[in-house]
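Below is the file entry.cif, which contains mmCIF, C-alpha atoms.
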```cif
data_query
loop_
_atom_site.label_atom_id
_atom_site.label_comp_id
_atom_site.auth_asym_id
_atom_site.auth_seq_id
_atom_site.Cartn_x
_atom_site.Cartn_y
_atom_site.Cartn_z
CA MET A 4 15.49 57.80 64.80
CA THR A 5 13.42 60.29 62.83
CA GLU A 6 16.11 60.59 60.15
CA ARG A 7 16.44 56.83 59.89
CA ASN A 8 12.73 56.32 59.43
CA GLU A 9 12.63 59.11 56.89
CA MET A 10 15.40 57.33 55.04
CA HIS A 11 13.46 54.09 54.79
CA HIS A 12 10.53 55.82 53.26
CA ARG A 13 12.66 57.74 50.80
CA SER A 14 14.84 54.87 49.55
CA PRO A 15 12.61 52.32 47.82
CA ASP A 16 15.55 50.24 46.58
CA LEU A 17 16.79 49.55 50.09
CA SER A 18 13.37 48.53 51.37
CA ARG A 19 12.83 46.36 48.29
CA LEU A 20 16.05 44.50 49.09
CA ARG A 21 14.99 44.06 52.72
CA GLY A 22 11.67 42.71 51.51
CA ALA A 23 13.39 40.31 49.13
CA ARG A 24 15.53 39.00 52.00
CA GLU A 25 12.47 38.34 54.16
CA ALA A 26 11.02 36.31 51.29
CA LEU A 27 13.76 33.65 51.54
CA PRO A 28 11.77 31.19 53.69
CA ILE A 29 8.96 31.43 51.11
CA VAL A 30 11.42 30.85 48.26
CA PHE A 31 12.61 27.61 49.88
CA GLY A 32 9.00 26.44 49.95
CA TYR A 33 7.94 27.67 46.51
CA VAL A 34 10.81 26.38 44.37
CA PRO A 35 10.31 22.65 45.11
CA ILE A 36 6.50 22.86 44.94
CA GLY A 37 6.84 24.92 41.75
CA ILE A 38 9.03 22.18 40.28
CA ALA A 39 6.41 19.59 41.26
CA TYR A 40 3.73 21.74 39.60
CA GLY A 41 5.80 22.09 36.41
CA VAL A 42 6.43 18.34 36.20
CA LEU A 43 2.78 17.46 36.86
CA GLY A 44 1.46 20.09 34.45
CA THR A 45 3.68 18.70 31.71
CA ALA A 46 2.72 15.12 32.62
CA ALA A 47 -0.96 16.07 32.31
CA GLY A 48 -0.28 17.10 28.71
CA LEU A 49 -0.26 20.90 29.02
CA PRO A 50 2.23 22.73 26.80
CA GLY A 51 5.24 24.07 28.72
CA TRP A 52 4.45 27.71 27.98
CA ALA A 53 0.93 27.26 29.38
CA VAL A 54 2.21 25.71 32.61
CA ILE A 55 4.47 28.73 33.14
CA ALA A 56 1.84 31.25 31.96
CA MET A 57 -0.56 30.02 34.64
CA SER A 58 2.05 30.71 37.34
CA VAL A 59 2.42 34.25 36.01
CA MET A 60 -1.28 34.99 35.44
CA VAL A 61 -3.00 33.16 38.31
CA TYR A 62 -0.25 32.63 40.92
CA ALA A 63 -2.17 30.46 43.39
CA GLY A 64 -0.77 27.00 44.14
CA SER A 65 -3.82 24.90 45.09
CA ALA A 66 -5.92 26.42 42.30
CA GLN A 67 -3.19 25.71 39.74
CA PHE A 68 -2.93 22.05 40.75
CA ILE A 69 -6.73 21.72 40.63
CA ALA A 70 -6.82 23.41 37.20
CA VAL A 71 -4.20 20.98 35.84
CA SER A 72 -6.26 18.04 37.03
CA LEU A 73 -9.56 19.50 35.78
CA LEU A 74 -8.06 20.20 32.34
CA ASP A 75 -6.80 16.62 32.29
CA GLN A 76 -10.33 15.40 33.07
CA GLY A 77 -11.78 17.55 30.29
CA ALA A 78 -13.77 19.83 32.59
CA THR A 79 -15.51 22.90 31.17
CA ALA A 80 -13.87 26.32 31.41
CA ALA A 81 -16.80 27.50 33.53
CA ALA A 82 -16.22 24.74 36.11
CA ILE A 83 -12.48 25.53 36.24
CA VAL A 84 -13.03 29.27 36.71
CA ALA A 85 -15.74 28.77 39.36
CA THR A 86 -13.60 26.28 41.32
CA THR A 87 -10.64 28.67 41.12
CA PHE A 88 -12.81 31.46 42.49
CA LEU A 89 -13.98 29.38 45.45
CA VAL A 90 -10.56 28.08 46.44
CA ASN A 91 -9.04 31.56 46.17
CA LEU A 92 -11.78 33.48 47.95
CA ARG A 93 -9.80 33.04 51.18
CA HIS A 94 -7.40 35.78 50.02
CA MET A 95 -10.14 38.23 50.98
CA LEU A 96 -9.36 37.46 54.60
CA TYR A 97 -5.67 38.29 54.19
CA SER A 98 -6.38 41.38 52.16
CA SER A 99 -8.83 42.73 54.74
CA ALA A 100 -6.48 41.89 57.63
CA LEU A 101 -3.59 43.76 55.97
CA SER A 102 -5.57 46.78 54.85
CA PRO A 103 -4.99 48.78 58.08
CA ARG A 104 -1.23 48.16 57.68
CA LEU A 105 -1.12 49.55 54.18
CA ARG A 106 -2.66 52.93 54.84
CA ARG A 107 -1.58 56.10 53.07
CA MET A 108 -0.87 54.27 49.85
CA SER A 109 -2.22 55.10 46.39
CA HIS A 110 -4.83 52.80 44.85
CA GLY A 111 -2.34 51.92 42.12
CA ARG A 112 0.17 50.66 44.68
CA LEU A 113 -2.49 48.73 46.61
CA ALA A 114 -3.64 47.17 43.35
CA TRP A 115 -0.05 46.09 42.64
CA LEU A 116 0.49 44.53 46.07
CA ALA A 117 -2.87 42.71 45.94
CA ALA A 118 -1.85 40.80 42.81
CA GLU A 119 0.90 38.88 44.63
CA LEU A 120 -0.80 38.30 47.97
CA THR A 121 -0.64 34.60 48.95
CA ASP A 122 -1.06 32.46 52.08
CA GLU A 123 2.69 32.49 52.62
CA SER A 124 3.32 36.19 52.03
CA PHE A 125 0.48 36.97 54.43
CA VAL A 126 1.93 34.66 57.10
CA VAL A 127 5.44 36.12 56.78
CA ILE A 128 4.21 39.73 56.77
CA SER A 129 1.89 39.28 59.75
CA ARG A 130 4.61 37.47 61.68
CA LEU A 131 7.08 40.29 61.00
CA LEU A 132 4.52 42.84 62.13
CA ARG A 133 3.92 40.94 65.36
CA THR A 134 7.51 40.22 66.27
CA ARG A 135 9.58 43.05 64.89
CA GLY A 136 7.32 45.79 63.60
CA ALA A 137 7.23 47.03 60.04
CA MET A 138 10.22 46.16 57.84
CA GLY A 139 11.67 43.87 60.46
CA ARG A 140 12.66 46.79 62.69
CA PRO A 141 11.41 47.66 66.14
CA THR A 142 8.09 49.39 65.73
CA ASP A 143 8.32 53.13 65.91
CA PRO A 144 5.17 54.29 67.71
CA ARG A 145 4.77 57.13 65.21
CA THR A 146 4.83 54.94 62.10
CA GLY A 147 3.69 51.89 64.15
CA GLY A 148 3.26 48.86 61.97
CA ILE A 149 2.62 50.62 58.69
CA LEU A 150 4.23 48.65 55.87
CA PRO A 151 6.16 50.55 53.19
CA PHE A 152 5.26 49.73 49.58
CA GLY A 153 8.80 48.84 48.49
CA PHE A 154 9.23 46.33 51.29
CA VAL A 155 6.03 44.40 50.53
CA ALA A 156 6.60 44.67 46.76
CA GLY A 157 10.14 43.29 47.17
CA LEU A 158 8.98 40.44 49.41
CA GLN A 159 6.05 39.37 47.27
CA GLY A 160 7.83 39.95 43.96
CA THR A 161 10.67 37.67 45.04
CA ALA A 162 8.16 35.04 46.14
CA GLN A 163 6.32 35.04 42.80
CA LEU A 164 9.58 35.04 40.87
CA SER A 165 10.62 31.88 42.72
CA TRP A 166 7.24 30.26 41.97
CA VAL A 167 7.55 31.03 38.26
CA ALA A 168 11.20 29.90 38.21
CA GLY A 169 10.27 26.65 40.00
CA SER A 170 7.46 26.06 37.48
CA ALA A 171 9.90 26.58 34.57
CA LEU A 172 12.42 24.18 36.12
CA GLY A 173 9.62 21.64 36.52
CA VAL A 174 8.61 22.02 32.88
CA ALA A 175 12.24 21.46 31.83
CA ALA A 176 12.49 18.38 34.08
CA GLY A 177 9.08 17.11 32.93
CA SER A 178 10.09 17.12 29.27
CA PHE A 179 12.83 14.55 30.05
CA ILE A 180 10.62 12.17 31.95
CA GLY A 181 8.59 10.67 29.10
CA ASP A 182 5.82 8.31 30.19
CA PRO A 183 4.57 9.72 33.54
CA ALA A 184 3.21 6.35 34.72
CA ARG A 185 6.71 4.88 34.81
CA PHE A 186 7.50 6.90 37.95
CA GLY A 187 3.97 6.87 39.32
CA LEU A 188 3.73 10.54 38.33
CA ASP A 189 0.19 10.04 37.05
CA TYR A 190 -0.67 9.50 40.73
CA ALA A 191 1.48 12.35 42.06
CA LEU A 192 -1.28 14.89 41.48
CA VAL A 193 -3.72 12.89 43.63
CA ALA A 194 -1.00 12.63 46.28
CA MET A 195 -0.52 16.40 46.08
CA PHE A 196 -4.25 16.90 46.77
CA LEU A 197 -4.12 14.54 49.73
CA GLY A 198 -1.12 16.50 51.01
CA LEU A 199 -2.80 19.88 50.55
CA LEU A 200 -5.90 18.55 52.29
CA ALA A 201 -3.93 17.12 55.22
CA LEU A 202 -2.19 20.47 55.72
CA GLN A 203 -5.59 22.16 56.08
CA ILE A 204 -6.81 19.82 58.80
CA HIS A 205 -6.33 21.40 62.23
CA GLY A 206 -9.26 20.04 64.21
CA ARG A 207 -12.79 18.67 64.32
CA ARG A 208 -14.19 21.49 62.26
CA GLU A 209 -11.96 20.89 59.23
CA VAL A 210 -12.61 17.15 59.44
CA ALA A 211 -16.36 17.81 59.45
CA VAL A 212 -16.10 20.17 56.48
CA ALA A 213 -13.93 17.70 54.54
CA VAL A 214 -16.27 14.75 55.20
CA ALA A 215 -19.37 16.78 54.31
CA ALA A 216 -17.78 18.18 51.13
CA GLY A 217 -16.52 14.76 50.05
CA ALA A 218 -19.87 13.08 50.71
CA VAL A 219 -21.95 15.72 48.91
CA ALA A 220 -19.58 15.82 45.93
CA LEU A 221 -19.57 12.02 45.70
CA VAL A 222 -23.37 11.80 45.70
CA LEU A 223 -23.62 14.56 43.07
CA ARG A 224 -21.08 12.79 40.87
CA LEU A 225 -22.94 9.50 41.21
CA VAL A 226 -26.21 11.05 40.10
CA GLY A 227 -24.48 12.29 36.99
CA MET A 228 -23.24 15.78 37.78
CA GLY A 229 -19.88 16.75 36.24
CA THR A 230 -16.82 18.35 37.82
CA GLY A 231 -19.06 21.33 38.71
CA ALA A 232 -20.22 19.24 41.70
CA VAL A 233 -17.35 20.84 43.65
CA ILE A 234 -19.22 24.13 43.89
CA PRO A 235 -22.48 23.17 45.66
CA ALA A 236 -20.49 20.69 47.78
CA THR A 237 -18.14 23.46 48.93
CA LEU A 238 -20.90 25.91 49.82
CA LEU A 239 -22.89 23.28 51.71
CA ALA A 240 -19.89 21.85 53.58
CA SER A 241 -18.59 25.26 54.57
CA ALA A 242 -22.02 26.05 56.01
CA VAL A 243 -21.84 22.77 57.96
CA GLY A 244 -18.48 23.98 59.30
CA LEU A 245 -20.19 27.00 60.84
CA LEU A 246 -21.92 24.63 63.30
CA PHE A 247 -18.49 23.80 64.69
CA VAL A 248 -17.44 27.39 65.28
CA THR A 249 -17.36 27.85 69.03
CA VAL A 250 -17.84 31.16 70.76
CA GLY A 251 -14.53 33.00 70.97
CA HIS A 252 -12.97 30.64 68.42
CA ARG A 253 -9.90 32.32 67.00
CA SER A 254 -9.77 32.29 63.23
CA GLU A 255 -7.22 29.80 61.91
CA VAL A 256 -6.70 31.85 58.81
CA LEU A 257 -5.93 35.00 60.69
CA ALA A 258 -3.65 33.13 63.06
CA ASP A 259 -0.46 31.55 61.80
CA HIS A 260 -0.53 28.83 59.27
CA GLU A 261 2.41 27.89 57.19
CA GLU A 262 0.85 25.68 54.57
CA VAL A 263 1.65 26.07 50.94
CA ALA A 264 -1.23 27.57 49.04
CA MET B 13 -5.15 30.81 22.84
CA ARG B 14 -8.08 29.08 24.56
CA LEU B 15 -5.75 28.31 27.44
CA LEU B 16 -4.61 31.93 27.69
CA ALA B 17 -8.23 33.11 27.84
CA LEU B 18 -8.94 30.52 30.55
CA PHE B 19 -5.92 31.62 32.61
CA ALA B 20 -6.94 35.26 32.19
CA ALA B 21 -10.40 34.44 33.57
CA MET B 22 -8.85 32.44 36.43
CA GLY B 23 -6.52 35.38 37.07
CA VAL B 24 -9.43 37.82 37.27
CA VAL B 25 -11.50 35.73 39.72
CA THR B 26 -8.35 35.22 41.83
CA TYR B 27 -7.46 38.90 41.77
CA ILE B 28 -10.88 40.25 42.79
CA PRO B 29 -10.86 38.83 46.35
CA ARG B 30 -7.20 39.82 46.68
CA VAL B 31 -7.77 43.45 45.78
CA LEU B 32 -11.33 44.37 46.80
CA PRO B 33 -10.82 44.57 50.59
CA LEU B 34 -7.65 46.65 50.15
CA LEU B 35 -9.40 49.19 47.96
CA ALA B 36 -12.85 49.21 49.50
CA LEU B 37 -12.56 48.14 53.13
CA SER B 38 -9.87 50.64 54.26
CA GLY B 39 -9.30 49.03 57.63
CA ARG B 40 -12.80 47.84 58.51
CA ARG B 41 -13.10 44.14 59.37
CA LEU B 42 -15.30 41.58 57.66
CA PRO B 43 -18.20 40.12 59.68
CA PRO B 44 -16.91 37.10 61.69
CA LEU B 45 -19.60 34.77 60.32
CA LEU B 46 -18.47 35.53 56.77
CA ILE B 47 -14.82 34.92 57.77
CA HIS B 48 -15.71 31.52 59.19
CA PHE B 49 -17.74 30.66 56.10
CA PHE B 50 -14.85 31.54 53.75
CA GLU B 51 -12.35 29.73 55.96
CA GLY B 52 -14.00 26.43 55.16
CA PHE B 53 -13.61 26.82 51.38
CA PRO B 54 -10.07 25.48 50.79
CA VAL B 55 -10.71 22.30 52.83
CA ALA B 56 -14.12 21.83 51.20
CA VAL B 57 -12.92 22.35 47.62
CA LEU B 58 -10.01 19.95 48.04
CA ALA B 59 -12.18 17.25 49.65
CA ALA B 60 -15.01 17.73 47.14
CA PHE B 61 -12.43 17.36 44.42
CA VAL B 62 -10.42 14.38 45.61
CA VAL B 63 -13.12 12.15 47.17
CA PRO B 64 -15.08 11.49 43.92
CA LEU B 65 -11.76 11.17 42.06
CA LEU B 66 -10.77 8.27 44.34
CA LEU B 67 -14.12 6.62 45.16
CA ALA B 68 -15.92 7.09 41.86
CA PRO B 69 -13.46 7.62 39.00
CA GLY B 70 -15.46 8.40 35.84
CA GLY B 71 -18.63 8.83 37.90
CA ILE B 72 -19.03 5.14 38.78
CA LEU B 73 -18.63 3.94 42.36
CA ALA B 74 -15.51 1.76 42.62
CA VAL B 75 -14.84 0.92 46.26
CA ASN B 76 -13.11 -2.41 45.67
CA ARG B 77 -9.73 -4.16 45.59
CA ASP B 78 -9.16 -3.30 41.93
CA ASN B 79 -9.17 0.43 42.68
CA LEU B 80 -5.42 0.89 43.20
CA GLU B 81 -5.75 4.68 43.40
CA LEU B 82 -8.01 4.32 46.41
CA ILE B 83 -5.84 1.69 48.15
CA VAL B 84 -2.64 3.71 47.69
CA ALA B 85 -4.46 6.83 48.98
CA ILE B 86 -4.64 5.31 52.48
CA PRO B 87 -0.88 5.09 53.20
CA THR B 88 -0.31 8.33 51.23
CA THR B 89 -2.76 10.19 53.49
CA LEU B 90 -1.03 8.77 56.55
CA VAL B 91 2.32 10.08 55.24
CA ALA B 92 0.70 13.47 54.61
CA LEU B 93 -0.77 13.69 58.11
CA ARG B 94 2.43 12.46 59.75
CA THR B 95 5.02 14.52 57.81
CA ARG B 96 2.87 17.55 56.89
CA SER B 97 5.21 17.88 53.91
CA LEU B 98 3.85 18.19 50.38
CA ILE B 99 7.02 16.95 48.71
CA ALA B 100 7.26 13.90 51.01
CA THR B 101 3.60 13.12 50.30
CA VAL B 102 4.00 13.39 46.53
CA VAL B 103 7.14 11.22 46.51
CA ALA B 104 5.52 8.64 48.81
CA GLY B 105 2.34 8.52 46.70
CA SER B 106 4.24 8.08 43.43
CA VAL B 107 6.57 5.40 44.78
CA LEU B 108 3.72 3.51 46.46
CA MET B 109 1.80 3.54 43.17
CA VAL B 110 4.77 2.09 41.24
CA VAL B 111 5.11 -0.61 43.92
CA ALA B 112 1.37 -1.35 43.94
CA ARG B 113 1.31 -1.76 40.14
CA ALA B 114 4.33 -4.07 40.26
CA VAL B 115 2.65 -6.19 42.96
CA VAL B 116 -0.58 -6.45 40.95
CA GLN B 117 1.38 -7.60 37.88
CA VAL B 118 3.12 -10.35 39.84
CA VAL B 119 0.01 -11.64 41.63
#
```
As structure tokens, how would this structure be written, given the file I've shared?
Amino acid sequence: MTERNEMHHRSPDLSRLRGAREALPIVFGYVPIGIAYGVLGTAAGLPGWAVIAMSVMVYAGSAQFIAVSLLDQGATAAAIVATTFLVNLRHMLYSSALSPRLRRMSHGRLAWLAAELTDESFVVISRLLRTRGAMGRPTDPRTGGILPFGFVAGLQGTAQLSWVAGSALGVAAGSFIGDPARFGLDYALVAMFLGLLALQIHGRREVAVAVAAGAVALVLRLVGMGTGAVIPATLLASAVGLLFVTVGHRSEVLADHEEVA
Amino acid sequence: MRLLALFAAMGVVTYIPRVLPLLALSGRRLPPLLIHFFEGFPVAVLAAFVVPLLLAPGGILAVNRDNLELIVAIPTTLVALRTRSLIATVVAGSVLMVVARAVVQVV
């Protein structure tokens, strides 16, 4: 057993491949949504290279869809960056939950892994840790649940590659479509937001947050505020959500959730 | 070039919350109240984004029969809640919009 564990740590290529294999369920989710993103980005008038560049540089599904829509509405760069920050702040929770599992790793390696951390990679990694121990093998009490760099890098790298590839396929498909309204594609982005929102609703608390955020944002828009209305609405609504946190409530984010980011 | 600068800025504000706890927290947990506060953000941002888009496109309240986007949103949301599939929701929304526009043209 000792030799075998030694081997895993010493052969990064093997653990990278194992990681890539565990990414397959994510790939099946990312490719179609990536295609949808590529088509919608093109339909919103973004150049193809920009649609793909965003998947490389930002790599966060919800934020990318929101950015496409905000660019289409002519929002300011400041509003787009601030909204991106708010919607992606949740990654802090994953990062802090994984930090005990990534001990004994250089800051450079941690910095690398952090770049590709998403809702889905977090869910897959935490599920593997719970059910099969690190690297999908029974947990050895001595190395207990410590994730090797190559494994996580392989898993997350494969996931991002599939997101970028899906985006590129979507751009290619989008350039053949012509007038987006013909297929109702001008509405597809709104439908995507409704879908993303529905996936986030698990109970009374999320409903309360959604209603509060929608109401505040609507009022702010009606009194003349621009797309920046999202920010105060989010902060206020999330505070309202705290009223619905019951004692002993188990965090949804830290429990399983399989939604696409 | 302006787009690249924008994406770079988006990339930075996305990367900071991804990397900070790994580098600085080293195993300590965040305060539960902060976790619960952050948890609400994705729901809140999406709702704050989509509600004005549907109810007040262009900043003017339009809750009426002429607002096709709003009408189509109702069955689309039902599909989303029922299937919990993004692709099914997007396809349903697009198709319903094409149908709704065709109906309006005929009537």
For this structure, which residues satisfy the selection - the PyMOL selection byres ((chain B) within 7 of (chain A)) - when it is evaluated on the file as given? I want them as a PyMOL selection string.
chain B and resi 18-23+25-27+29-31+33-35+37-39+41+47-64+71-72+88-89+92-93+96+98+101-102+105-107+109-110
What separation in Å, quoted to one decimal, exists between atom CA of A:Ala47 and atom CA of A:Gly177?
10.1 Å
Fewer than 2 positions away in the same chain doesn't count, so skip those; otherwise give me all residues within 7 Å of stretch 164-174 of chain A, counting all atoms listed in the file, as a ChimeraX atom specification.
/A:30,33-35,37-42,45,51,55,58-59,160-162,176-178
Straight-line distance linking atom CA of B:Arg14 with atom CA of A:Leu43, stated in Å to one decimal
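So the two atoms, atom CA of B:Arg14 and atom CA of A:Leu43, lie 20.1 Å apart.
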Select, from A:Ile29, A:Ala175, A:Val71, A:Val127, the residue with the minimum atom-to-atom distance to A:Gly48, counting all atoms listed in the file.
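Once distances to A:Gly48 are computed over all atoms listed in the file, the minimum belongs to A:Val71.
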Tell me which protein, DNA and RNA residues are within 9 Å of A:Val155, counting all atoms listed in the file, leaving out same-chain ones fewer than 2 positions away, and put them as an mmCIF file with C-alpha atoms, keeping the file's coordinate frame.
```cif
data_model
loop_
_atom_site.group_PDB
_atom_site.id
_atom_site.type_symbol
_atom_site.label_atom_id
_atom_site.label_comp_id
_atom_site.auth_asym_id
_atom_site.auth_seq_id
_atom_site.Cartn_x
_atom_site.Cartn_y
_atom_site.Cartn_z
ATOM 1 C CA SER A 18 13.370 48.530 51.370
ATOM 2 C CA ARG A 19 12.830 46.360 48.290
ATOM 3 C CA GLY A 22 11.670 42.710 51.510
ATOM 4 C CA ALA A 23 13.390 40.310 49.130
ATOM 5 C CA LEU A 116 0.490 44.530 46.070
ATOM 6 C CA SER A 124 3.320 36.190 52.030
ATOM 7 C CA ILE A 128 4.210 39.730 56.770
ATOM 8 C CA MET A 138 10.220 46.160 57.840
ATOM 9 C CA LEU A 150 4.230 48.650 55.870
ATOM 10 C CA PRO A 151 6.160 50.550 53.190
ATOM 11 C CA PHE A 152 5.260 49.730 49.580
ATOM 12 C CA GLY A 153 8.800 48.840 48.490
ATOM 13 C CA GLY A 157 10.140 43.290 47.170
ATOM 14 C CA LEU A 158 8.980 40.440 49.410
ATOM 15 C CA GLN A 159 6.050 39.370 47.270
ATOM 16 C CA GLY A 160 7.830 39.950 43.960
#
```
Work out how far atom CA of A:Ala82 is from atom CA of B:Leu66, in Å to one decimal.
19.2 Å
Slice of the block: stretch 45-85 of chain A, C-alpha atoms, as a PDB file, in the first residue's frame:
```
ATOM      1  CA  THR A  45     -22.549  35.584 -31.440  1.00  0.00           C
ATOM      2  CA  ALA A  46     -26.259  36.418 -31.686  1.00  0.00           C
ATOM      3  CA  ALA A  47     -25.713  39.343 -29.291  1.00  0.00           C
ATOM      4  CA  GLY A  48     -23.193  40.750 -31.763  1.00  0.00           C
ATOM      5  CA  LEU A  49     -19.904  39.896 -30.026  1.00  0.00           C
ATOM      6  CA  PRO A  50     -17.026  38.929 -32.316  1.00  0.00           C
ATOM      7  CA  GLY A  51     -16.273  35.187 -32.263  1.00  0.00           C
ATOM      8  CA  TRP A  52     -12.783  35.625 -30.824  1.00  0.00           C
ATOM      9  CA  ALA A  53     -14.201  37.649 -27.920  1.00  0.00           C
ATOM     10  CA  VAL A  54     -16.811  35.004 -27.097  1.00  0.00           C
ATOM     11  CA  ILE A  55     -14.049  32.388 -26.872  1.00  0.00           C
ATOM     12  CA  ALA A  56     -11.605  34.720 -25.080  1.00  0.00           C
ATOM     13  CA  MET A  57     -14.130  35.247 -22.292  1.00  0.00           C
ATOM     14  CA  SER A  58     -14.338  31.470 -21.731  1.00  0.00           C
ATOM     15  CA  VAL A  59     -10.552  31.358 -21.431  1.00  0.00           C
ATOM     16  CA  MET A  60     -10.090  34.483 -19.291  1.00  0.00           C
ATOM     17  CA  VAL A  61     -13.151  34.461 -17.026  1.00  0.00           C
ATOM     18  CA  TYR A  62     -14.396  30.845 -17.104  1.00  0.00           C
ATOM     19  CA  ALA A  63     -17.621  31.272 -15.125  1.00  0.00           C
ATOM     20  CA  GLY A  64     -20.879  30.325 -16.849  1.00  0.00           C
ATOM     21  CA  SER A  65     -23.529  32.532 -15.210  1.00  0.00           C
ATOM     22  CA  ALA A  66     -21.240  35.569 -15.246  1.00  0.00           C
ATOM     23  CA  GLN A  67     -20.471  35.057 -18.940  1.00  0.00           C
ATOM     24  CA  PHE A  68     -24.152  34.879 -19.879  1.00  0.00           C
ATOM     25  CA  ILE A  69     -24.848  38.005 -17.808  1.00  0.00           C
ATOM     26  CA  ALA A  70     -21.894  39.811 -19.426  1.00  0.00           C
ATOM     27  CA  VAL A  71     -23.186  38.968 -22.925  1.00  0.00           C
ATOM     28  CA  SER A  72     -26.583  40.395 -22.050  1.00  0.00           C
ATOM     29  CA  LEU A  73     -25.142  43.484 -20.330  1.00  0.00           C
ATOM     30  CA  LEU A  74     -22.870  44.210 -23.315  1.00  0.00           C
ATOM     31  CA  ASP A  75     -25.917  43.864 -25.554  1.00  0.00           C
ATOM     32  CA  GLN A  76     -27.770  46.402 -23.387  1.00  0.00           C
ATOM     33  CA  GLY A  77     -24.837  48.807 -23.558  1.00  0.00           C
ATOM     34  CA  ALA A  78     -23.993  48.628 -19.852  1.00  0.00           C
ATOM     35  CA  THR A  79     -20.846  50.311 -18.535  1.00  0.00           C
ATOM     36  CA  ALA A  80     -17.681  48.281 -17.979  1.00  0.00           C
ATOM     37  CA  ALA A  81     -17.872  49.135 -14.277  1.00  0.00           C
ATOM     38  CA  ALA A  82     -21.370  47.634 -13.971  1.00  0.00           C
ATOM     39  CA  ILE A  83     -20.268  44.473 -15.819  1.00  0.00           C
ATOM     40  CA  VAL A  84     -17.172  43.981 -13.646  1.00  0.00           C
ATOM     41  CA  ALA A  85     -19.070  44.643 -10.398  1.00  0.00           C
TER      42      ALA A  85
END
```
